[in-house]
Structures are given as C-alpha cells and as structure tokens.
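Inspection log for the structure reproduced underneath, given as structure tokens.
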Amino acid sequence: AAIAYSDLEKLQVLGHGNGGTVYKVQHRCTLKIYALKVVHGDADPTVRRQVFREMEILRRTDSPFIVQCFGIFEKPSGDIAILMEYMDSGTLDTLLNKNGTFSEPKLAHIASQILKGLSYLHGHKIIHRDIKPSNLLVNNNNMQVKIADFGVSKIMCRSLDACNSYVGTCAYMSPERFDPDAYGGNYNGYAGDIWSLGLTLLELYLGHFPFLQPGQRPDWATLMCAICFGDPPSLPDGASPEFRSFIECCLQKEFSKRWTASQLLTHPFLCKNRRSDC
Ligand code: ADP
Ligand code: MG
C-alpha cells in the first residue's frame, strides 16, 4: 500500500543539503523508519529542479547499491518530498570523521559496492556527477554502501551527448570537466564519476582531501590549477601495489585511459580483498 505523507512522523534531522533537509521519519502504522528529503515550496528554482531530477532518477533505478525510493510527495503548498530507505550509519564522510581512516580491505569492500552502483547507473545511461564521501550512505549491517543524492545527475539521451555542464562539487570534478575544450569536448562523462571515486577512496585512506594538506583551507583557484595542471594525487609509501594500481586506474588525467566501472570490478585490488560474503 502507498504510504501517506500525513502518516510520517519526523523524528530528527539527518542532514541539510543545498536547500533541502533530510529527516529521519517513522511511519505511524508500521513503525518502520525511513529517511525523508524535503524541499520547501519557496525554495530556489535550481533546488526544485534538482529534486525533480533526483525523483526522476530514483524512479528509474532499482539496485542494491543505490538508495531505494519508496515514494514521492508533492504537496499543494509546493513542498516536495522523497521517501527513501533509512541508512543507519550515515555517510562515509561522517564515518571518516568519527572512526578515522579506513583499512585497505574495508576500502576494497566499499569500492566494489560503489563500482557495482556506478556500473548499474552507467549501464542505464545515468551519470551521477557528484560522487564524494558525503553522498555515499552506509548501513552498519555488513558495511553496506549505497549511492545517494542524484540532484545534479544526468540522464544521457544520445550516447554522444556531451556532458560538460558545470555542476557537482568542484573539488571532486575531473580535469576534463573543468576544461572540456582541451579534450575536444569529446568525452562522454561517465569517466568523471570514476575520477571522483578515486579521490573519494584516497581521501578515506589518507583522512584528508587528497589535493590539500591536512587542515589546509581550500583556495578554489589553486585547487583547480592543481587538478588541471598538476600530477594526479597518489598513495603514500606503505600502500599495497594493488591499491596503488587501482587508484592510478581511477585517477588517470586523460579520461580515455581511465578504467570503466566494469573494468575496475575485475581489478586485482578487489579480487585480493574479496570477502566470502560479497
Ligand atoms: P543534498 O543534495 O542536500 O546534499 P543528500 O541526499 O546528500 O542531499 O542528503 C544530505 C544529507 O542527509 C546526507 O549527507 C546524509 O547525511 C543525510 N541523508 C540523506 N539521505 C539519507 C538516508 N537515506 N539515510 C540516512 N541519512 C541520509
Ligand atoms: Mg549531498
């Protein structure tokens, strides 16, 4: 049976994003817990566009590696809300701040789930465009990781559709997205998600954003120069050769040399750390 908005009781705020608020809610009849993302009717039109885009993508996706949507509400007041499964351990960002950096076997487990999610999305012609620790949700149950926040994602209509619009969190954007002309405007966009995944895993291993020193304040111009003109960041001494190679496959500056999600799923780093349960 469909869930009525009026049967949802707000328990607490889980997070704030650009214009929307995510609540932990309880369904009064079944007592089940969900997450509800609410964007108010008076919100900025850009924010409203983003939530409609997210609704459209969540409606189309059905994968254990992508946050599940249980309902969509549009109120007469103009408020829009998305009812999602509740992920009880928050995001990879909050886990990093709470528990510190992740070991290689944990990162392999995390990477393999994100890659299965990306492989599903890319197979359905969807580019996420905002992969980063705070958009990856975690369930404590066996460290399940799912991709969330499709506010700036893109559904490719034609296979050659260029994908160079300036959206997402700039720090995690790939070189070709800053400077599409340098690549002949000729890239397809999927590889940008792989770059962001590489930076995300590196950050979870190092404990800080790879292009900045610990505690260094981001200066936008310097950061963009480093991404476009510097060498890609790499692992420090002490990391295994397999992990080093995996990160290199993600952080190729030349997007055509970057591995795809399905290629990365066969990488030795994941095979070496594969657990019997995944
Ligand atoms: P925004 O577009 O505003 O960034 P997100 O979808 O990333 O929206 O959600 C914002 C924050 O809310 C997340 O970083 C996370 O802390 C929390 N959150 C979002 N969805 C869920 C969920 N399904 N379960 C638990 N927490 C969530
Ligand atoms: Mg977000």
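As shown in the structure tokens, the chain order sets the letters A, B, ...; within each chain, residues go from 1, and ligands are also counted from 1 in the order they appear.
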
Go through the chains and note each residue within 7 Å of ligand 1, using only C-alpha atoms and all ligand atoms, then give the set as a PyMOL selection string. chain A and resi 14-22+35+37+67+84-88+90-91+134-135+137+148-149+151

Could the residues in this selection be saved with N, CA and C atoms as a PDB file, in the first residue's frame?
ATOM      1  N   LEU A  14      18.502  14.556   9.779  1.00  0.00           N
ATOM      2  CA  LEU A  14      19.685  13.736   9.471  1.00  0.00           C
ATOM      3  C   LEU A  14      20.752  14.544   8.756  1.00  0.00           C
ATOM      4  N   GLY A  15      20.331  15.523   7.999  1.00  0.00           N
ATOM      5  CA  GLY A  15      21.319  16.307   7.260  1.00  0.00           C
ATOM      6  C   GLY A  15      20.656  17.440   6.504  1.00  0.00           C
ATOM      7  N   HIS A  16      21.447  18.458   6.237  1.00  0.00           N
ATOM      8  CA  HIS A  16      20.984  19.585   5.428  1.00  0.00           C
ATOM      9  C   HIS A  16      21.794  19.579   4.149  1.00  0.00           C
ATOM     10  N   GLY A  17      21.150  19.864   3.053  1.00  0.00           N
ATOM     11  CA  GLY A  17      21.901  19.997   1.814  1.00  0.00           C
ATOM     12  C   GLY A  17      21.649  21.363   1.238  1.00  0.00           C
ATOM     13  N   ASN A  18      21.856  21.485  -0.053  1.00  0.00           N
ATOM     14  CA  ASN A  18      21.607  22.761  -0.719  1.00  0.00           C
ATOM     15  C   ASN A  18      20.109  22.952  -0.844  1.00  0.00           C
ATOM     16  N   GLY A  19      19.482  23.528   0.179  1.00  0.00           N
ATOM     17  CA  GLY A  19      18.074  23.885   0.042  1.00  0.00           C
ATOM     18  C   GLY A  19      17.107  22.869   0.614  1.00  0.00           C
ATOM     19  N   GLY A  20      17.543  21.644   0.751  1.00  0.00           N
ATOM     20  CA  GLY A  20      16.639  20.625   1.277  1.00  0.00           C
ATOM     21  C   GLY A  20      17.087  20.156   2.655  1.00  0.00           C
ATOM     22  N   THR A  21      16.175  19.494   3.354  1.00  0.00           N
ATOM     23  CA  THR A  21      16.523  18.922   4.653  1.00  0.00           C
ATOM     24  C   THR A  21      16.118  17.454   4.625  1.00  0.00           C
ATOM     25  N   VAL A  22      16.979  16.589   5.173  1.00  0.00           N
ATOM     26  CA  VAL A  22      16.651  15.172   5.243  1.00  0.00           C
ATOM     27  C   VAL A  22      16.310  14.824   6.695  1.00  0.00           C
ATOM     28  N   ALA A  35      13.985   7.647   5.637  1.00  0.00           N
ATOM     29  CA  ALA A  35      14.570   8.983   5.514  1.00  0.00           C
ATOM     30  C   ALA A  35      13.691   9.768   4.545  1.00  0.00           C
ATOM     31  N   LYS A  37      13.501  13.351   2.373  1.00  0.00           N
ATOM     32  CA  LYS A  37      14.166  14.571   1.909  1.00  0.00           C
ATOM     33  C   LYS A  37      13.087  15.570   1.511  1.00  0.00           C
ATOM     34  N   VAL A  67      20.459   3.985  -3.259  1.00  0.00           N
ATOM     35  CA  VAL A  67      19.464   4.177  -2.206  1.00  0.00           C
ATOM     36  C   VAL A  67      18.067   4.000  -2.800  1.00  0.00           C
ATOM     37  N   MET A  84      12.819   7.724   1.328  1.00  0.00           N
ATOM     38  CA  MET A  84      13.886   6.772   0.973  1.00  0.00           C
ATOM     39  C   MET A  84      14.118   5.798   2.108  1.00  0.00           C
ATOM     40  N   GLU A  85      14.849   4.738   1.798  1.00  0.00           N
ATOM     41  CA  GLU A  85      15.258   3.835   2.866  1.00  0.00           C
ATOM     42  C   GLU A  85      16.207   4.591   3.797  1.00  0.00           C
ATOM     43  N   TYR A  86      16.111   4.304   5.082  1.00  0.00           N
ATOM     44  CA  TYR A  86      16.961   4.943   6.081  1.00  0.00           C
ATOM     45  C   TYR A  86      18.272   4.172   6.181  1.00  0.00           C
ATOM     46  N   MET A  87      19.375   4.875   6.054  1.00  0.00           N
ATOM     47  CA  MET A  87      20.690   4.244   6.152  1.00  0.00           C
ATOM     48  C   MET A  87      21.247   4.578   7.539  1.00  0.00           C
ATOM     49  N   ASP A  88      21.379   3.564   8.379  1.00  0.00           N
ATOM     50  CA  ASP A  88      21.551   3.829   9.807  1.00  0.00           C
ATOM     51  C   ASP A  88      22.940   4.275  10.239  1.00  0.00           C
ATOM     52  N   GLY A  90      24.774   6.670   8.482  1.00  0.00           N
ATOM     53  CA  GLY A  90      25.122   7.973   7.909  1.00  0.00           C
ATOM     54  C   GLY A  90      25.932   7.847   6.635  1.00  0.00           C
ATOM     55  N   THR A  91      26.897   8.733   6.473  1.00  0.00           N
ATOM     56  CA  THR A  91      27.659   8.776   5.228  1.00  0.00           C
ATOM     57  C   THR A  91      29.114   8.367   5.479  1.00  0.00           C
ATOM     58  N   SER A 134      30.274  12.403   1.275  1.00  0.00           N
ATOM     59  CA  SER A 134      29.007  12.756   1.929  1.00  0.00           C
ATOM     60  C   SER A 134      27.786  12.368   1.098  1.00  0.00           C
ATOM     61  N   ASN A 135      27.981  11.831  -0.111  1.00  0.00           N
ATOM     62  CA  ASN A 135      26.852  11.337  -0.901  1.00  0.00           C
ATOM     63  C   ASN A 135      26.819   9.814  -0.960  1.00  0.00           C
ATOM     64  N   LEU A 137      26.024   6.607   1.289  1.00  0.00           N
ATOM     65  CA  LEU A 137      25.358   6.262   2.552  1.00  0.00           C
ATOM     66  C   LEU A 137      25.736   4.858   2.999  1.00  0.00           C
ATOM     67  N   ALA A 148      23.829   7.858  -3.161  1.00  0.00           N
ATOM     68  CA  ALA A 148      22.657   8.721  -2.973  1.00  0.00           C
ATOM     69  C   ALA A 148      22.915  10.087  -3.592  1.00  0.00           C
ATOM     70  N   ASP A 149      21.924  10.965  -3.458  1.00  0.00           N
ATOM     71  CA  ASP A 149      21.994  12.355  -3.896  1.00  0.00           C
ATOM     72  C   ASP A 149      22.202  12.514  -5.405  1.00  0.00           C
ATOM     73  N   GLY A 151      20.933  14.878  -7.223  1.00  0.00           N
ATOM     74  CA  GLY A 151      20.473  16.220  -7.554  1.00  0.00           C
ATOM     75  C   GLY A 151      21.109  16.826  -8.794  1.00  0.00           C
TER      76      GLY A 151
END

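Residues within 10 Å of Ala4 of chain A, counting only C-alpha atoms and excluding same-chain residues fewer than 2 positions away, are Ala1, Ala2, Ser6, Asp7, Leu8, His27, Arg28, Gly71, Ile72 and Phe73 of chain A.
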
Please write the residues from the selection above to a file, keeping N, CA and C atoms, as an mmCIF file, in the first residue's frame.
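Okay, this is what ended up in selection_4.cif:
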data_model
loop_
_atom_site.group_PDB
_atom_site.id
_atom_site.type_symbol
_atom_site.label_atom_id
_atom_site.label_comp_id
_atom_site.auth_asym_id
_atom_site.auth_seq_id
_atom_site.Cartn_x
_atom_site.Cartn_y
_atom_site.Cartn_z
ATOM 1 N N ALA A 1 0.846 -1.200 0.000
ATOM 2 C CA ALA A 1 0.000 0.000 0.000
ATOM 3 C C ALA A 1 0.879 1.246 0.000
ATOM 4 N N ALA A 2 0.418 2.279 -0.641
ATOM 5 C CA ALA A 2 1.202 3.515 -0.698
ATOM 6 C C ALA A 2 1.221 4.170 0.678
ATOM 7 N N SER A 6 0.921 12.160 5.583
ATOM 8 C CA SER A 6 0.434 12.539 6.917
ATOM 9 C C SER A 6 0.698 11.448 7.950
ATOM 10 N N ASP A 7 1.034 10.237 7.496
ATOM 11 C CA ASP A 7 1.335 9.158 8.444
ATOM 12 C C ASP A 7 2.806 9.114 8.825
ATOM 13 N N LEU A 8 3.588 10.063 8.313
ATOM 14 C CA LEU A 8 5.014 10.057 8.620
ATOM 15 C C LEU A 8 5.302 11.044 9.736
ATOM 16 N N HIS A 27 6.925 5.741 10.103
ATOM 17 C CA HIS A 27 5.582 5.529 9.580
ATOM 18 C C HIS A 27 4.700 5.096 10.746
ATOM 19 N N ARG A 28 3.652 5.878 11.046
ATOM 20 C CA ARG A 28 2.873 5.636 12.263
ATOM 21 C C ARG A 28 2.206 4.268 12.277
ATOM 22 N N GLY A 71 8.629 6.500 -2.178
ATOM 23 C CA GLY A 71 7.501 7.350 -2.510
ATOM 24 C C GLY A 71 7.931 8.771 -2.769
ATOM 25 N N ILE A 72 7.071 9.479 -3.483
ATOM 26 C CA ILE A 72 7.346 10.859 -3.842
ATOM 27 C C ILE A 72 6.095 11.664 -3.531
ATOM 28 N N PHE A 73 6.257 12.802 -2.882
ATOM 29 C CA PHE A 73 5.102 13.604 -2.485
ATOM 30 C C PHE A 73 5.230 15.023 -3.025
#

Arg258 of chain A surroundings by only C-alpha atoms, 8 Å radius, close-in-sequence under 5 positions cut, as a PyMOL selection string: chain A and resi 191+194-195+249-253

With N, CA and C atoms kept, could you save the residues just selected as a short mmCIF file (atom, residue, chain, number, x, y, z; two decimals), in the first residue's frame?
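And here is the file that came out, again_30.cif:
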data_model
loop_
_atom_site.label_atom_id
_atom_site.label_comp_id
_atom_site.auth_asym_id
_atom_site.auth_seq_id
_atom_site.Cartn_x
_atom_site.Cartn_y
_atom_site.Cartn_z
N ALA A 191 33.41 8.76 -17.27
CA ALA A 191 34.74 8.67 -16.64
C ALA A 191 34.91 9.68 -15.51
N ILE A 194 34.38 8.10 -12.23
CA ILE A 194 35.49 7.22 -11.81
C ILE A 194 36.59 8.07 -11.16
N TRP A 195 36.86 9.22 -11.74
CA TRP A 195 37.81 10.16 -11.12
C TRP A 195 37.37 10.49 -9.68
N CYS A 249 44.45 3.69 -11.84
CA CYS A 249 43.46 3.41 -12.90
C CYS A 249 42.28 4.39 -12.82
N CYS A 250 41.95 4.84 -11.61
CA CYS A 250 40.85 5.81 -11.42
C CYS A 250 41.30 7.23 -11.73
N LEU A 251 42.54 7.56 -11.34
CA LEU A 251 42.98 8.96 -11.40
C LEU A 251 43.88 9.24 -12.60
N GLN A 252 43.62 8.60 -13.73
CA GLN A 252 44.28 8.98 -14.97
C GLN A 252 43.73 10.33 -15.39
N LYS A 253 44.62 11.30 -15.65
CA LYS A 253 44.11 12.62 -16.06
C LYS A 253 43.45 12.55 -17.42
#

Shell around segment 225-229 of chain A at 10 Å using only C-alpha atoms, local window under 6 positions removed, as a PyMOL selection string: chain A and resi 171-179+211-212+253

Selected residues, N, CA and C atoms, written as a PDB file, in the first residue's frame, please.
ATOM      1  N   ALA A 171      35.517  20.353  -6.121  1.00  0.00           N
ATOM      2  CA  ALA A 171      36.762  19.721  -5.685  1.00  0.00           C
ATOM      3  C   ALA A 171      36.923  18.301  -6.231  1.00  0.00           C
ATOM      4  N   TYR A 172      35.822  17.604  -6.443  1.00  0.00           N
ATOM      5  CA  TYR A 172      35.895  16.208  -6.884  1.00  0.00           C
ATOM      6  C   TYR A 172      35.750  16.083  -8.400  1.00  0.00           C
ATOM      7  N   MET A 173      35.668  17.212  -9.108  1.00  0.00           N
ATOM      8  CA  MET A 173      35.468  17.166 -10.559  1.00  0.00           C
ATOM      9  C   MET A 173      36.746  16.795 -11.301  1.00  0.00           C
ATOM     10  N   SER A 174      36.611  16.043 -12.376  1.00  0.00           N
ATOM     11  CA  SER A 174      37.759  15.560 -13.144  1.00  0.00           C
ATOM     12  C   SER A 174      38.301  16.676 -14.033  1.00  0.00           C
ATOM     13  N   PRO A 175      39.591  16.562 -14.447  1.00  0.00           N
ATOM     14  CA  PRO A 175      40.195  17.604 -15.287  1.00  0.00           C
ATOM     15  C   PRO A 175      39.371  17.909 -16.534  1.00  0.00           C
ATOM     16  N   GLU A 176      38.812  16.893 -17.196  1.00  0.00           N
ATOM     17  CA  GLU A 176      38.107  17.154 -18.459  1.00  0.00           C
ATOM     18  C   GLU A 176      36.823  17.945 -18.242  1.00  0.00           C
ATOM     19  N   ARG A 177      36.299  17.954 -16.996  1.00  0.00           N
ATOM     20  CA  ARG A 177      35.080  18.719 -16.763  1.00  0.00           C
ATOM     21  C   ARG A 177      35.386  20.198 -16.567  1.00  0.00           C
ATOM     22  N   PHE A 178      36.597  20.514 -16.094  1.00  0.00           N
ATOM     23  CA  PHE A 178      36.971  21.923 -15.979  1.00  0.00           C
ATOM     24  C   PHE A 178      37.285  22.517 -17.329  1.00  0.00           C
ATOM     25  N   ASP A 179      37.889  21.701 -18.169  1.00  0.00           N
ATOM     26  CA  ASP A 179      38.469  22.240 -19.386  1.00  0.00           C
ATOM     27  C   ASP A 179      38.075  21.364 -20.575  1.00  0.00           C
ATOM     28  N   PHE A 211      43.994  16.667  -2.592  1.00  0.00           N
ATOM     29  CA  PHE A 211      44.666  17.821  -3.198  1.00  0.00           C
ATOM     30  C   PHE A 211      45.075  18.870  -2.167  1.00  0.00           C
ATOM     31  N   LEU A 212      44.707  18.655  -0.903  1.00  0.00           N
ATOM     32  CA  LEU A 212      45.039  19.631   0.144  1.00  0.00           C
ATOM     33  C   LEU A 212      45.811  18.938   1.258  1.00  0.00           C
ATOM     34  N   LYS A 253      44.624  11.300 -15.650  1.00  0.00           N
ATOM     35  CA  LYS A 253      44.110  12.616 -16.061  1.00  0.00           C
ATOM     36  C   LYS A 253      43.448  12.550 -17.422  1.00  0.00           C
TER      37      LYS A 253
END

Using DSSP on the backbone coordinates, identify all residues within segment 57-230 of chain A classified as helix (DSSP H, G or I); present the result as a PyMOL selection string. chain A and resi 57-60+92-99+104-123+133-135+141-143+170-172+175-178+180-183+190-206+220-229

Counting only C-alpha atoms, the residue among A:Asp219, A:Glu254, A:Glu74, A:Glu203 that lies closest to Pro236 of chain A is A:Glu203

Which of segment 100-260 of chain A fall in strand (DSSP E or B), as a PyMOL selection string: chain A and resi 126-127+136-139+144-147+154-155

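Remark: for Leu96 of chain A, the closest of the candidate residues A:Lys154, A:Met55, A:His208, A:Ala81 is A:His208 (distances computed over only C-alpha atoms).
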
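Minimum atom-to-atom distance to ligand 2, evaluated using only C-alpha atoms and all ligand atoms, belongs to A:Leu136 out of A:Leu83, A:Ala111, A:Leu136, A:Ile57.
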
Using Å and a single decimal, report how far atom CA of Gln144 of chain A sits from atom CA of Val38 of chain A. 24.4 Å

Could you give me, as a compact mmCIF listing (two decimals) with C-alpha atoms, in the first residue's frame, the residues within 7 Å of Ile127 of chain A, counting only C-alpha atoms and dropping anything in the same chain fewer than 4 positions from it?
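Heads up, here's the output in selection.txt:
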# COMPACT_ATOMS: atom_id res chain seq x y z
CA LEU A 121 24.00 3.64 -13.42
CA HIS A 122 26.34 3.90 -16.41
CA SER A 153 22.98 13.72 -12.13
CA LYS A 154 22.36 13.46 -15.83
CA ILE A 155 20.44 11.02 -17.96
CA GLY A 189 31.07 12.00 -18.85
CA TYR A 190 30.98 8.53 -17.34

Which residue is closest to Phe246 of chain A? Choose from A:Thr222, A:Phe65, A:His267, A:Ala261 and count only C-alpha atoms. A:His267
